[in-house]
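Beneath this line is the structure, given in structure tokens, with notes to follow.
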Amino acid sequence: MQTTLLIEQILNGVQFGVMLFLMAAGLTLIFGVMGVINLAHGSLYMLGAFACAAVATATGSFWLGLMASLAAAAAAGAIVELLVIRRLYDRDHLDQVLATFALILIFSEGTRWLFGSFPLYLNIPPVLSGAVDLPAGARYQLYRLAIILVGIAVAIGLYLLISKTRLGMRIRAGQSDREMIAALGVDIRTLYTVVFALGAALAGLAGAMVGALQSVQVGMGEPVLILAFVVIVIGGIGSIKGALVGAALVGLVDTLGRFLLPQFFALFLGPSQGTTVGAALASMLIYIVMALILAVRPRGLFAAST
Amino acid sequence: MKRMRAETPINFLLAGLLLLVPLAALALEEPFYITLATRMAILALAAVGLNLALGLGGLVSFGHAAFFGIGGYTAGILSTHASNAQPLMTWPIEIGGSDNMLVIWPVAVVLSGLVALVTGAISLRTSGVYFIMITLAFAQMIYYFATSWPAYGGEDGLSLGLRNAFPGINTALPLNFFLICYALLIAALYLFARIRDSRFGTALQAARQNQVRLAAVGISPFPIRLAAFVLSAMMTGLAGSLFADLNRFVSPSMLSWQMSGELIVLVILGGTGRLFGPVAGAMLFVLFEFILGGFTERWQLFLGLILLGVVLFARGGLLGLLAGKVRHG
């Protein structure tokens with residue numbers, strides 16, 4: 001029983017990590033290429049979830065919803081980049097934090113205006129409902145397994161995009177020297193819009209996929225956003241590889257901490273108090289891990305050279 | 001300093017205006033406006049604290065809600081223990097709660113300072129975006145601790161039965177409580193001005209402009225920044241304990257990242273690094289909240305638009321518009 005539960009929790013951790021990776025990859029790409037901290041990334045995640053839920057409810061098809069979430073998030077990302085973010089490239093981080101904080105307020109209230117304050121619900125598509133048998137007698141929800149696979153596919157896709165394609169070459173060039181690639185005739189403004197839309201689409205995808213596991217509501221993006229920040233800080237800002245490792249670490253540490261720590265402390269302090277102490281400590285655990293990692297490596301595990 | 005002179009009349013005007021609001025409220029028999037003015041004074045005090053780190057030191061702390069909340073919980077926890085006549089700890093020595101502001105304030109200030117000393121020592125090893133995110137993460141850590149620790153209300157927060165007492169003054173009267181907050185705000189502003197014009201303040205501002213040069217003249221930036229961070233947290237912590245008393249309620253929302261964001265907004269809205277910037281910012285913010293909140297439930301949407309406008313087009317904040325740009329900004 002305990003091992004099957006443990007396997008299930010490890011998979012939950014991986015699934016959580018995959019979702020964080022989708023968020024963190026966009027954030028770290030945007031920071032790496034454009035040097036912008038985008039607090040509104042969580043809003044794009046929320047937007048993806050709402051678009052998916054609304055379209056899936058209207059058409060009855062989860063897959064159309066998923067497409068809509070990608071399109072809506074990418075479009076919102078591109079518009080935000082053109083209208084606001086573009087003006088922030090040569091500002092300091094303080095201005096960027098503030099402007100994107102303002103964007104969160106606008107997005108949250110705007111969404112509440114359009115969809116009301118009640119949460120929406122999104123059903124898991126029938127093909128992916130049910131559970132699969134795993135070795136050692138464990139069973140696991142097929143949909144969560146699918147999320148893990150999508151995440152792995154996106155990670156591979158991003159790797160190929162960045163290391164093998166012309167667009168990826170430009171992104172890498174933009175990361176190392178903006179002025180130089182502009183001087184070489186690359187249309188840097190369009191490149192920035194494309195990168196921002198790409199990051200936004202990844203956030204929208206994450207939101208849509210998670211929307212089927214929990215309720216879709218205003219404010220769902222910010223907790224994930226902050227965890228994604230922890231991920232990229234641990235991994236090293238600007239590094240996709242760091243985002244992957246950081247996401248896996250944060251996903252596993254958080255999920256397993258919540259599962260194991262209460263039981264661990266219950267051994268010493270008795271069930272009720274042990275659970276309280278364990279749960280409180282588990283909710284802080286990833287931040288403690290982050291502080292420890294940064295105390296040793298102030299620029300994260302895989303710091304980019306910038 | 002020269003820039004003080006250009007601003008001084010506006011500063012006096014702001015201080016006078018804030019003092020005038022509750023008096024006008026009394027005359028109009030609208031006691032709610034006193035609460036509004038008290039809220040302005042307390043948020044201004046918290047933002048004066050942040051302005052020390054952010055404005056003078058250039059340390060963009062996205063986690064000052066942590067200190068605001070620590071101050072709030074100090075007031076809440078001490079007064080709960082006092083009203084239940086239940087000691088906080090019995091071993092090794094017995095320490096009881098207290099509902100005396102003169103006890104609560106120092107405890108709130110010292111606790112905020114200690115937490116800032118530890119988190120600041122780690123955070124200041126980094127800079128730029130990393131610093132922003134680490135301060136955010138530390139605040140989140142304390143936030144989640146507060147929500148998951150059931151002894152003091154957890155997610156539901158903690159109610160204070162009565163407003164804490166100040167010897168010789170009836171704090172239950174809104175005007176008296178406002179005057180206490182106002183006096184503390186003025187004291188904090190005086191301290192801010194003294195710090196800004198001191199050798200320490202000069203070094204702090206130099207560290208913001210160029211760390212390497214500061215190090216080259218033989219001053220190590222780290223201890224200076226850490227001291228500024230701790231002082232800044234102490235002021236914000238004090239404001240937090242007053243805020244708990246104002247609402248007679250503390251909840252994890254005082255520790256939330258939105259609160260940290262709001263504090264930054266107050267500083268920027270008024271004018272970063274300006275003496276009275278946080279006061280102008282807090283007055284403007286509470287006013288927006290009140291006026292827009294009266295028109296529409298969606299006031300945050302408009303707040304967002306205004307904020308975006310300020311960042312993109314009016315970079316000096318309100319004082320920048322009124323008193324002109326600061327040189328060496």
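Chain labels A, B, ... are given in the sequence in which chains occur in the structure tokens; within each chain residues are numbered consecutively from 1, and ligands are likewise numbered from 1 in the order shown.
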
Problem - Check: which chain A residues lie within 6 Å of chain B using only C-alpha atoms, as a PyMOL selection string - result: chain A and resi 99+102+105-106+109+280+283-284+287+298

Could you save those same residues with C-alpha atoms as an mmCIF file, in the first residue's frame?
data_model
loop_
_atom_site.group_PDB
_atom_site.id
_atom_site.type_symbol
_atom_site.label_atom_id
_atom_site.label_comp_id
_atom_site.auth_asym_id
_atom_site.auth_seq_id
_atom_site.Cartn_x
_atom_site.Cartn_y
_atom_site.Cartn_z
ATOM 1 C CA ALA A 99 4.075 47.491 -15.159
ATOM 2 C CA ALA A 102 -0.478 46.448 -13.272
ATOM 3 C CA LEU A 105 -4.666 43.642 -12.058
ATOM 4 C CA ILE A 106 -6.031 44.412 -15.505
ATOM 5 C CA GLU A 109 -10.407 42.114 -13.214
ATOM 6 C CA ALA A 280 3.597 23.671 8.020
ATOM 7 C CA SER A 283 4.487 24.245 2.745
ATOM 8 C CA MET A 284 7.770 26.111 3.286
ATOM 9 C CA TYR A 287 11.589 27.997 -0.297
ATOM 10 C CA PRO A 298 23.861 32.733 -5.810
#

Exercise for the section: Excluding Leu47 of chain A and any residue of its chain fewer than 4 positions from it, enumerate the residues within 9 Å of it, using only C-alpha atoms, and give them as a list in words. Expected result: Gly42, Ser43, Ala51, Cys52, Ser69, Ala72, Ala73, Ala76, Phe107, Thr111, Ala203, Gly204, Gly207, Ala208 and Gly221 of chain A

Handout entry: Selection: 7 Å around segment 79-84 of chain A, only C-alpha atoms, excl. self and same-chain fewer than 4 positions, as a ChimeraX atom specification
Key = /A:75,193,196

How would the residues just chosen look if you wrote them out with C-alpha atoms as a PDB file, in the first residue's frame?
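Saved to result.pdb:
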ATOM      1  CA  ALA A  75      -2.390  36.330 -29.180  1.00  0.00           C
ATOM      2  CA  THR A 193       7.224  39.473 -30.241  1.00  0.00           C
ATOM      3  CA  PHE A 196       6.984  36.481 -26.098  1.00  0.00           C
TER       4      PHE A 196
END

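Each of A:Val195, A:Leu103, A:Ala295, A:Ala206 was checked against Met220 of chain A using only C-alpha atoms; the smallest atom-to-atom distance is that of A:Ala206.
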
Exercise for the section: Please measure the separation of atom CA of Glu289 of chain B and atom CA of Arg274 of chain B, giving the value in Å to one decimal. Expected result: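 Atom CA of Glu289 of chain B sits 22.6 Å away from atom CA of Arg274 of chain B.
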
Handout entry: Shortest interatomic distance to Leu256 of chain A - which of A:Ala282, A:Met23, A:Leu294, A:Ile171, counting only C-alpha atoms
Key = A:Ala282

Practice task
Apply DSSP to the backbone of this structure and, from segment 154-269 of chain A, keep only the residues in alpha helix (DSSP H); write these as JSON, numbers by chain.
Solution key: {"A": [154, 155, 156, 157, 158, 159, 160, 161, 162, 163, 164, 166, 167, 168, 169, 170, 171, 172, 173, 174, 175, 176, 178, 179, 180, 181, 182, 183, 188, 189, 190, 191, 192, 193, 194, 195, 196, 197, 198, 199, 200, 201, 202, 203, 204, 205, 206, 207, 208, 209, 210, 211, 221, 222, 223, 224, 225, 226, 227, 228, 229, 230, 231, 232, 233, 234, 235, 240, 241, 242, 243, 244, 245, 246, 247, 248, 249, 250, 251, 252, 253, 254, 255, 256, 257, 258, 259, 260, 261, 262, 263, 264, 265, 266, 267, 268, 269]}

Any chance you can output those residues with C-alpha atoms as a CSV table (one decimal), in the first residue's frame?
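Saved the output as selection.csv:
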chain,number,residue,atom,x,y,z
A,154,VAL,CA,7.5,20.1,-25.2
A,155,ALA,CA,10.9,19.9,-23.6
A,156,ILE,CA,12.3,17.9,-26.5
A,157,GLY,CA,10.6,20.3,-29.0
A,158,LEU,CA,12.0,23.3,-27.3
A,159,TYR,CA,15.5,21.8,-27.3
A,160,LEU,CA,15.2,21.1,-31.0
A,161,LEU,CA,13.7,24.5,-31.7
A,162,ILE,CA,16.5,26.3,-29.9
A,163,SER,CA,19.5,24.2,-31.0
A,164,LYS,CA,18.5,23.2,-34.5
A,166,ARG,CA,17.1,29.3,-37.6
A,167,LEU,CA,14.6,30.9,-35.1
A,168,GLY,CA,16.4,29.1,-32.3
A,169,MET,CA,19.7,30.4,-33.6
A,170,ARG,CA,18.4,33.9,-33.5
A,171,ILE,CA,17.0,33.4,-30.0
A,172,ARG,CA,20.4,32.2,-28.8
A,173,ALA,CA,22.1,35.1,-30.6
A,174,GLY,CA,19.6,37.5,-29.0
A,175,GLN,CA,20.5,36.1,-25.6
A,176,SER,CA,24.2,36.7,-26.0
A,178,ARG,CA,21.1,42.0,-28.8
A,179,GLU,CA,22.8,44.9,-30.5
A,180,MET,CA,25.0,42.7,-32.5
A,181,ILE,CA,22.2,40.6,-34.1
A,182,ALA,CA,20.2,43.7,-34.8
A,183,ALA,CA,23.3,45.1,-36.5
A,188,ILE,CA,14.9,42.1,-33.5
A,189,ARG,CA,11.5,43.6,-32.7
A,190,THR,CA,9.6,40.8,-34.5
A,191,LEU,CA,11.9,38.2,-32.9
A,192,TYR,CA,10.9,39.6,-29.5
A,193,THR,CA,7.2,39.5,-30.2
A,194,VAL,CA,7.6,35.9,-31.5
A,195,VAL,CA,9.5,34.8,-28.4
A,196,PHE,CA,7.0,36.5,-26.1
A,197,ALA,CA,4.1,34.8,-27.9
A,198,LEU,CA,5.9,31.5,-27.7
A,199,GLY,CA,6.3,31.8,-24.0
A,200,ALA,CA,2.7,32.9,-23.6
A,201,ALA,CA,1.5,29.9,-25.6
A,202,LEU,CA,3.4,27.5,-23.3
A,203,ALA,CA,1.8,29.2,-20.2
A,204,GLY,CA,-1.6,28.9,-21.9
A,205,LEU,CA,-1.0,25.3,-22.6
A,206,ALA,CA,-0.1,24.6,-19.0
A,207,GLY,CA,-3.2,26.5,-17.8
A,208,ALA,CA,-5.5,24.6,-20.1
A,209,MET,CA,-4.1,21.2,-19.1
A,210,VAL,CA,-4.3,21.9,-15.4
A,211,GLY,CA,-7.7,23.4,-15.8
A,221,GLY,CA,-2.1,31.9,-12.1
A,222,GLU,CA,-0.2,33.7,-9.4
A,223,PRO,CA,0.6,30.8,-7.0
A,224,VAL,CA,2.0,28.9,-10.1
A,225,LEU,CA,3.8,32.1,-11.2
A,226,ILE,CA,5.6,32.4,-7.9
A,227,LEU,CA,6.6,28.7,-8.0
A,228,ALA,CA,7.8,29.2,-11.6
A,229,PHE,CA,10.0,32.1,-10.3
A,230,VAL,CA,11.4,29.8,-7.7
A,231,VAL,CA,12.1,27.2,-10.5
A,232,ILE,CA,14.0,29.7,-12.7
A,233,VAL,CA,15.9,31.2,-9.8
A,234,ILE,CA,17.0,27.7,-8.7
A,235,GLY,CA,17.8,26.7,-12.3
A,240,ILE,CA,16.1,26.2,-20.3
A,241,LYS,CA,18.0,23.3,-19.0
A,242,GLY,CA,18.0,25.0,-15.6
A,243,ALA,CA,14.2,25.4,-15.9
A,244,LEU,CA,13.8,21.7,-16.6
A,245,VAL,CA,16.0,20.6,-13.6
A,246,GLY,CA,14.5,23.2,-11.3
A,247,ALA,CA,11.0,22.3,-12.2
A,248,ALA,CA,11.5,18.6,-11.6
A,249,LEU,CA,13.2,19.4,-8.3
A,250,VAL,CA,10.5,21.8,-7.1
A,251,GLY,CA,7.7,19.5,-8.3
A,252,LEU,CA,9.1,16.5,-6.5
A,253,VAL,CA,10.3,18.2,-3.3
A,254,ASP,CA,7.0,20.0,-2.9
A,255,THR,CA,4.8,16.9,-3.6
A,256,LEU,CA,6.9,14.4,-1.6
A,257,GLY,CA,7.4,16.9,1.2
A,258,ARG,CA,3.7,17.3,1.7
A,259,PHE,CA,3.3,13.5,1.6
A,260,LEU,CA,6.2,12.4,3.7
A,261,LEU,CA,6.9,15.2,6.2
A,262,PRO,CA,3.6,14.9,8.2
A,263,GLN,CA,4.1,11.1,8.5
A,264,PHE,CA,7.7,11.7,9.5
A,265,PHE,CA,7.0,14.1,12.3
A,266,ALA,CA,4.0,12.0,13.4
A,267,LEU,CA,6.6,9.4,14.4
A,268,PHE,CA,8.1,11.7,17.0
A,269,LEU,CA,5.4,14.1,18.0

Problem - segment 213-224 of chain B surroundings by only C-alpha atoms, 12 Å radius, close-in-sequence under 3 positions cut, as an MDAnalysis selection string - result: chainID B and resid 52:53 56:57 59 117 120:127 195 199:210 227:231

Problem - Two-atom distance - atom CA of Ser117 of chain A, atom CA of Phe21 of chain A (Å) - result: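 Between atom CA of Ser117 of chain A and atom CA of Phe21 of chain A the gap works out to 28.3 Å.
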
Exercise for the section: Would you work out the distance separating atom CA of Tyr45 of chain A from atom CA of Asp177 of chain A, expressed in Å to one decimal? Expected result: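 A separation of 29.3 Å between them.
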
Problem - Distance query Ala282 of chain B at most 9 Å, only C-alpha atoms, self and fewer than 2 positions along chain excluded, as a PyMOL selection string - result: chain B and resi 39-45+47+263+265-267+269-270+277-280+284-287

Suppose we keep N, CA, C and O atoms; can you now write the selection as a short mmCIF file (atom, residue, chain, number, x, y, z; two decimals), in the first residue's frame?
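Below is the file that was written, result-v8.cif:
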data_model
loop_
_atom_site.label_atom_id
_atom_site.label_comp_id
_atom_site.auth_asym_id
_atom_site.auth_seq_id
_atom_site.Cartn_x
_atom_site.Cartn_y
_atom_site.Cartn_z
N ARG B 39 -5.63 54.84 7.64
CA ARG B 39 -5.12 53.87 6.68
C ARG B 39 -4.01 54.49 5.84
O ARG B 39 -2.96 53.88 5.60
N MET B 40 -4.25 55.74 5.40
CA MET B 40 -3.22 56.44 4.62
C MET B 40 -1.93 56.56 5.42
O MET B 40 -0.85 56.27 4.93
N ALA B 41 -2.06 56.99 6.69
CA ALA B 41 -0.87 57.21 7.51
C ALA B 41 -0.10 55.92 7.72
O ALA B 41 1.14 55.88 7.63
N ILE B 42 -0.83 54.83 7.98
CA ILE B 42 -0.15 53.55 8.27
C ILE B 42 0.53 53.01 7.02
O ILE B 42 1.69 52.59 7.04
N LEU B 43 -0.20 53.05 5.89
CA LEU B 43 0.41 52.56 4.65
C LEU B 43 1.61 53.43 4.27
O LEU B 43 2.62 52.93 3.77
N ALA B 44 1.49 54.74 4.53
CA ALA B 44 2.61 55.63 4.25
C ALA B 44 3.82 55.24 5.09
O ALA B 44 4.94 55.19 4.59
N LEU B 45 3.57 54.93 6.37
CA LEU B 45 4.67 54.53 7.25
C LEU B 45 5.35 53.27 6.72
O LEU B 45 6.58 53.19 6.65
N ALA B 47 5.42 52.29 3.69
CA ALA B 47 6.10 52.61 2.45
C ALA B 47 7.35 53.45 2.70
O ALA B 47 8.32 53.35 1.95
N LEU B 263 2.87 47.74 -1.73
CA LEU B 263 3.84 48.62 -1.07
C LEU B 263 4.78 49.26 -2.09
O LEU B 263 5.08 50.45 -2.02
N VAL B 265 4.01 49.75 -5.17
CA VAL B 265 3.18 50.70 -5.90
C VAL B 265 3.10 52.04 -5.17
O VAL B 265 3.23 53.11 -5.78
N LEU B 266 2.93 51.99 -3.85
CA LEU B 266 2.83 53.22 -3.07
C LEU B 266 4.08 54.08 -3.26
O LEU B 266 4.00 55.29 -3.45
N VAL B 267 5.24 53.41 -3.18
CA VAL B 267 6.50 54.15 -3.29
C VAL B 267 6.64 54.78 -4.68
O VAL B 267 6.98 55.95 -4.82
N LEU B 269 4.26 55.32 -6.99
CA LEU B 269 3.18 56.26 -7.30
C LEU B 269 3.53 57.64 -6.78
O LEU B 269 3.28 58.66 -7.43
N GLY B 270 4.13 57.69 -5.58
CA GLY B 270 4.46 58.99 -5.00
C GLY B 270 5.74 59.57 -5.57
O GLY B 270 5.86 60.76 -5.78
N GLY B 277 7.51 60.92 -0.90
CA GLY B 277 6.95 60.08 -1.95
C GLY B 277 5.94 59.07 -1.41
O GLY B 277 4.81 58.99 -1.90
N PRO B 278 6.35 58.29 -0.37
CA PRO B 278 5.41 57.29 0.15
C PRO B 278 4.13 57.91 0.70
O PRO B 278 3.06 57.31 0.60
N VAL B 279 4.25 59.11 1.27
CA VAL B 279 3.04 59.75 1.83
C VAL B 279 2.10 60.10 0.69
O VAL B 279 0.90 59.79 0.72
N ALA B 280 2.66 60.74 -0.35
CA ALA B 280 1.84 61.08 -1.52
C ALA B 280 1.24 59.82 -2.12
O ALA B 280 0.06 59.77 -2.46
N LEU B 284 -2.73 58.93 -2.35
CA LEU B 284 -3.31 58.75 -3.67
C LEU B 284 -3.94 57.37 -3.80
O LEU B 284 -5.06 57.22 -4.31
N PHE B 285 -3.23 56.36 -3.31
CA PHE B 285 -3.69 54.97 -3.45
C PHE B 285 -5.01 54.76 -2.70
O PHE B 285 -5.97 54.22 -3.24
N VAL B 286 -5.03 55.20 -1.42
CA VAL B 286 -6.24 55.00 -0.62
C VAL B 286 -7.40 55.79 -1.22
O VAL B 286 -8.54 55.33 -1.25
N LEU B 287 -7.07 56.96 -1.75
CA LEU B 287 -8.10 57.78 -2.39
C LEU B 287 -8.67 57.09 -3.64
O LEU B 287 -9.88 57.03 -3.82
#
